[in-house]
Amino acid sequence: MANEKSTFAQAPADKKKLESVVIIGLGYVGLPLAMRCAEKDYETFGLDLDKKKVDLIKKGQSPFKEEFIEERKHLLKKITATTDPAILKKADIVVVCVPTPVDEKFFPILTPLTSATEMIVKNHKIGQLIMIESTINPGICDDVIAPILTQAGLKEGKDFFLGHCPERINPGDKKWNVTNIPRVLGASSPAGLAIAKNFYETIIDAPIKLMGSIKEAEACKVVENSFRDINIAFVNELAKSFDKLEIDVKNVIDGAATKPFAFMAHYPGRGVGGHCIPVDPYYLIEKAKASGFDHKFLRVAREINNSMPAYTVESMQDLLNDIKLPMKDTAIGVMGLSYKADVDDLRESPAIKIILELKKKKAKIIRYDPFISSMSDVPNLTTFLKKCTAIILVTNHSEFAALDPKEFKKNGVKAIVDGMNCLDKNKIKKLGIKYSGIGRK
Ligand SMILES: NC(=O)c1ccc[n+]([C@@H]2O[C@H](COP(=O)([O-])OP(=O)(O)OC[C@H]3O[C@@H](n4cnc5c(N)ncnc54)[C@H](O)[C@@H]3O)[C@@H](O)[C@H]2O)c1
């Protein structure tokens, strides 16, 4: 184990800027953060297991499409990207941004996090600030990460300082990014909290709320994403009920949202996706279960949101029944594959489940996403429309939402399920095309 001294080991609360940062995990969270550190003149290293990703960054190219990165591409070359964990010996600060997914039974997978911590132990520099930005459930820092460090003989407050500052980044968001989203911060010791605060104040132009403990900081993030999951589940349930009651749920939510207080509009859709909303609640559910508490409400919300892709395909089945077309062998277009608009991120996307459901019913599937050409069956929207008898709109990419409904008619599309309620329902119906939104017939 390396024994170099960090520049701030003796002066934890010193406002002086620290020198070097290693970001572990150069994904949607880690890469923008590394770019921000480089912009703020930290000597910035990026460590990732994925050699392809590292090679692209070395060439000044982003491994994924993200406007924040595109606009600051020059900063990529200021990051020293590597797959070599020995780089950690140089770090005053290590920020861990590795994935925290769930397995097929929705159980948290912590191995990326524990293996990153083991890499830190093997390549440790005394006095290092170790920050976890990955989303974790309350207790992971104290019960899983700190023990790996201390069992290796390292002492908290002397050899290392451990903190958690959950990332709240929202890929594709034009307003909120790593530079301006307020943060919450917790640490294992008051000295660690002071060091971490100094670091984040140099890179973030937004308030940083200091939490009473590292556990409170961990809990903030799972609460934020569970809040969103629950609210979306509520409107998804309303959508199913209003489909039966023949009420347009979108119009109702827009109406309710005119109340200037105590209502927050959430909208239904074909299911939630991405690395956060469909995953993070399970971290809380499992942690609470291990402590003897059943998060019934969260479990129901997950169940409802997980049911939406199948519900979307059922809606298509209903439309096809109306026009006496079988699902089997009918050309059904999946319009959009990514989990949200104008990004190329396929993780946990409802499109995956929708395609599986369509396969079960033996439909002839045509996939198209302008952001994910590797998984598209056609090169462009024009060819897509020409080939489809019916369409399930999965992603509200700007290009799709702006499409003139006449284009559907011109190309002979007979039925549309609008999985994001983003198309002009009335215009489409007037053109004689069968339409169903989610809670919006
Ligand atoms: N994507 C989001 O919108 C978002 C927002 C807020 C928080 N988060 C959280 O941030 C964390 C990272 O998410 P992401 O979207 O950036 O993931 P990602 O998959 O885009 O990136 C993670 C990177 O870590 C690398 N990696 C995995 N294990 C590693 C290891 N042991 N050592 C080095 N590199 C390793 C992977 O190769 C990958 O490049 C997760 O906990 C997630 O829940 C994500």
# chains A, B, ... in the order shown; residues from 1 in each chain; ligands from 1
>>> residues_around(residues="A:Ile366", least_positions_apart="4", cutoff="8 Å", atoms="only C-alpha atoms", output="compact mmCIF listing (two decimals) with N, CA and C atoms, in the first residue's frame")
# COMPACT_ATOMS: atom_id res chain seq x y z
N ALA A 331 -47.16 -5.49 -38.67
CA ALA A 331 -45.93 -4.69 -38.51
C ALA A 331 -46.15 -3.58 -37.47
N ILE A 332 -45.61 -3.81 -36.28
CA ILE A 332 -45.79 -2.83 -35.20
C ILE A 332 -44.47 -2.12 -34.94
N GLY A 333 -44.49 -0.83 -35.06
CA GLY A 333 -43.28 -0.04 -34.86
C GLY A 333 -43.12 0.36 -33.41
N VAL A 334 -41.90 0.20 -32.90
CA VAL A 334 -41.58 0.70 -31.56
C VAL A 334 -40.83 2.01 -31.78
N SER A 376 -31.63 0.09 -34.03
CA SER A 376 -32.74 0.45 -34.91
C SER A 376 -32.75 -0.48 -36.13
N ASP A 377 -33.97 -0.84 -36.56
CA ASP A 377 -34.09 -1.72 -37.74
C ASP A 377 -34.15 -0.93 -39.03
N VAL A 378 -34.34 0.38 -38.91
CA VAL A 378 -34.44 1.24 -40.11
C VAL A 378 -33.54 2.46 -39.89
N PHE A 384 -39.16 4.27 -41.30
CA PHE A 384 -39.90 3.66 -40.20
C PHE A 384 -41.41 3.78 -40.44
N LYS A 387 -42.93 1.56 -43.05
CA LYS A 387 -42.99 0.11 -42.80
C LYS A 387 -44.02 -0.29 -41.75
N CYS A 388 -44.57 0.69 -40.99
CA CYS A 388 -45.42 0.31 -39.84
C CYS A 388 -46.91 0.34 -40.16
>>> residues_near_ligand(ligand="ligand 1", cutoff="8 Å", atoms="only C-alpha atoms and all ligand atoms", output="tab-separated table (two decimals) with C-alpha atoms, in the first residue's frame")
chain	number	residue	atom	x	y	z
A	24	ILE	CA	-13.90	6.09	-10.41
A	25	GLY	CA	-16.56	5.27	-13.04
A	26	LEU	CA	-16.79	7.54	-16.09
A	27	GLY	CA	-20.49	7.21	-16.88
A	28	TYR	CA	-23.41	9.65	-16.90
A	29	VAL	CA	-22.45	10.75	-13.37
A	30	GLY	CA	-18.67	10.42	-13.27
A	31	LEU	CA	-17.74	11.94	-16.63
A	47	LEU	CA	-10.55	5.49	-13.75
A	48	ASP	CA	-12.86	3.03	-15.49
A	49	LEU	CA	-12.80	-0.71	-16.17
A	50	ASP	CA	-14.17	-0.16	-19.67
A	53	LYS	CA	-14.73	4.22	-22.84
A	83	THR	CA	-7.94	1.62	-16.57
A	97	CYS	CA	-19.41	6.97	-9.32
A	98	VAL	CA	-19.84	3.28	-10.16
A	99	PRO	CA	-23.23	1.67	-10.92
A	100	THR	CA	-25.55	0.38	-8.20
A	101	PRO	CA	-28.07	-1.80	-10.08
A	111	THR	CA	-20.08	-5.53	-6.17
A	112	PRO	CA	-19.02	-2.52	-8.34
A	113	LEU	CA	-18.95	-0.44	-5.15
A	114	THR	CA	-17.07	-2.98	-3.03
A	115	SER	CA	-14.55	-3.71	-5.78
A	116	ALA	CA	-13.93	0.03	-6.26
A	117	THR	CA	-13.34	0.33	-2.49
A	119	MET	CA	-9.00	-0.84	-5.40
A	133	GLU	CA	-21.63	9.65	-5.24
A	134	SER	CA	-23.28	6.40	-6.36
A	135	THR	CA	-26.85	5.99	-5.11
A	136	ILE	CA	-26.92	3.72	-2.07
A	166	PRO	CA	-25.43	11.73	-3.75
A	167	GLU	CA	-25.46	12.89	-7.36
A	168	ARG	CA	-28.78	14.28	-8.58
A	169	ILE	CA	-27.85	14.76	-12.21
A	170	ASN	CA	-30.67	14.47	-14.76
A	171	PRO	CA	-29.18	13.56	-18.17
A	274	GLY	CA	-33.25	4.67	-16.34
A	275	HIS	CA	-30.73	3.74	-13.70
A	276	CYS	CA	-32.54	5.56	-10.87
A	279	VAL	CA	-33.96	0.81	-9.12
A	280	ASP	CA	-33.41	3.07	-6.11
>>> closest_residue(among="A:His266, A:Lys364, A:Lys105, A:Arg183", to="A:Ala206", atoms="only C-alpha atoms")
A:Arg183
>>> closest_residue(among="A:Arg72, A:Arg302, A:Lys359, A:Lys244", to="A:Pro32", atoms="only C-alpha atoms")
A:Arg72
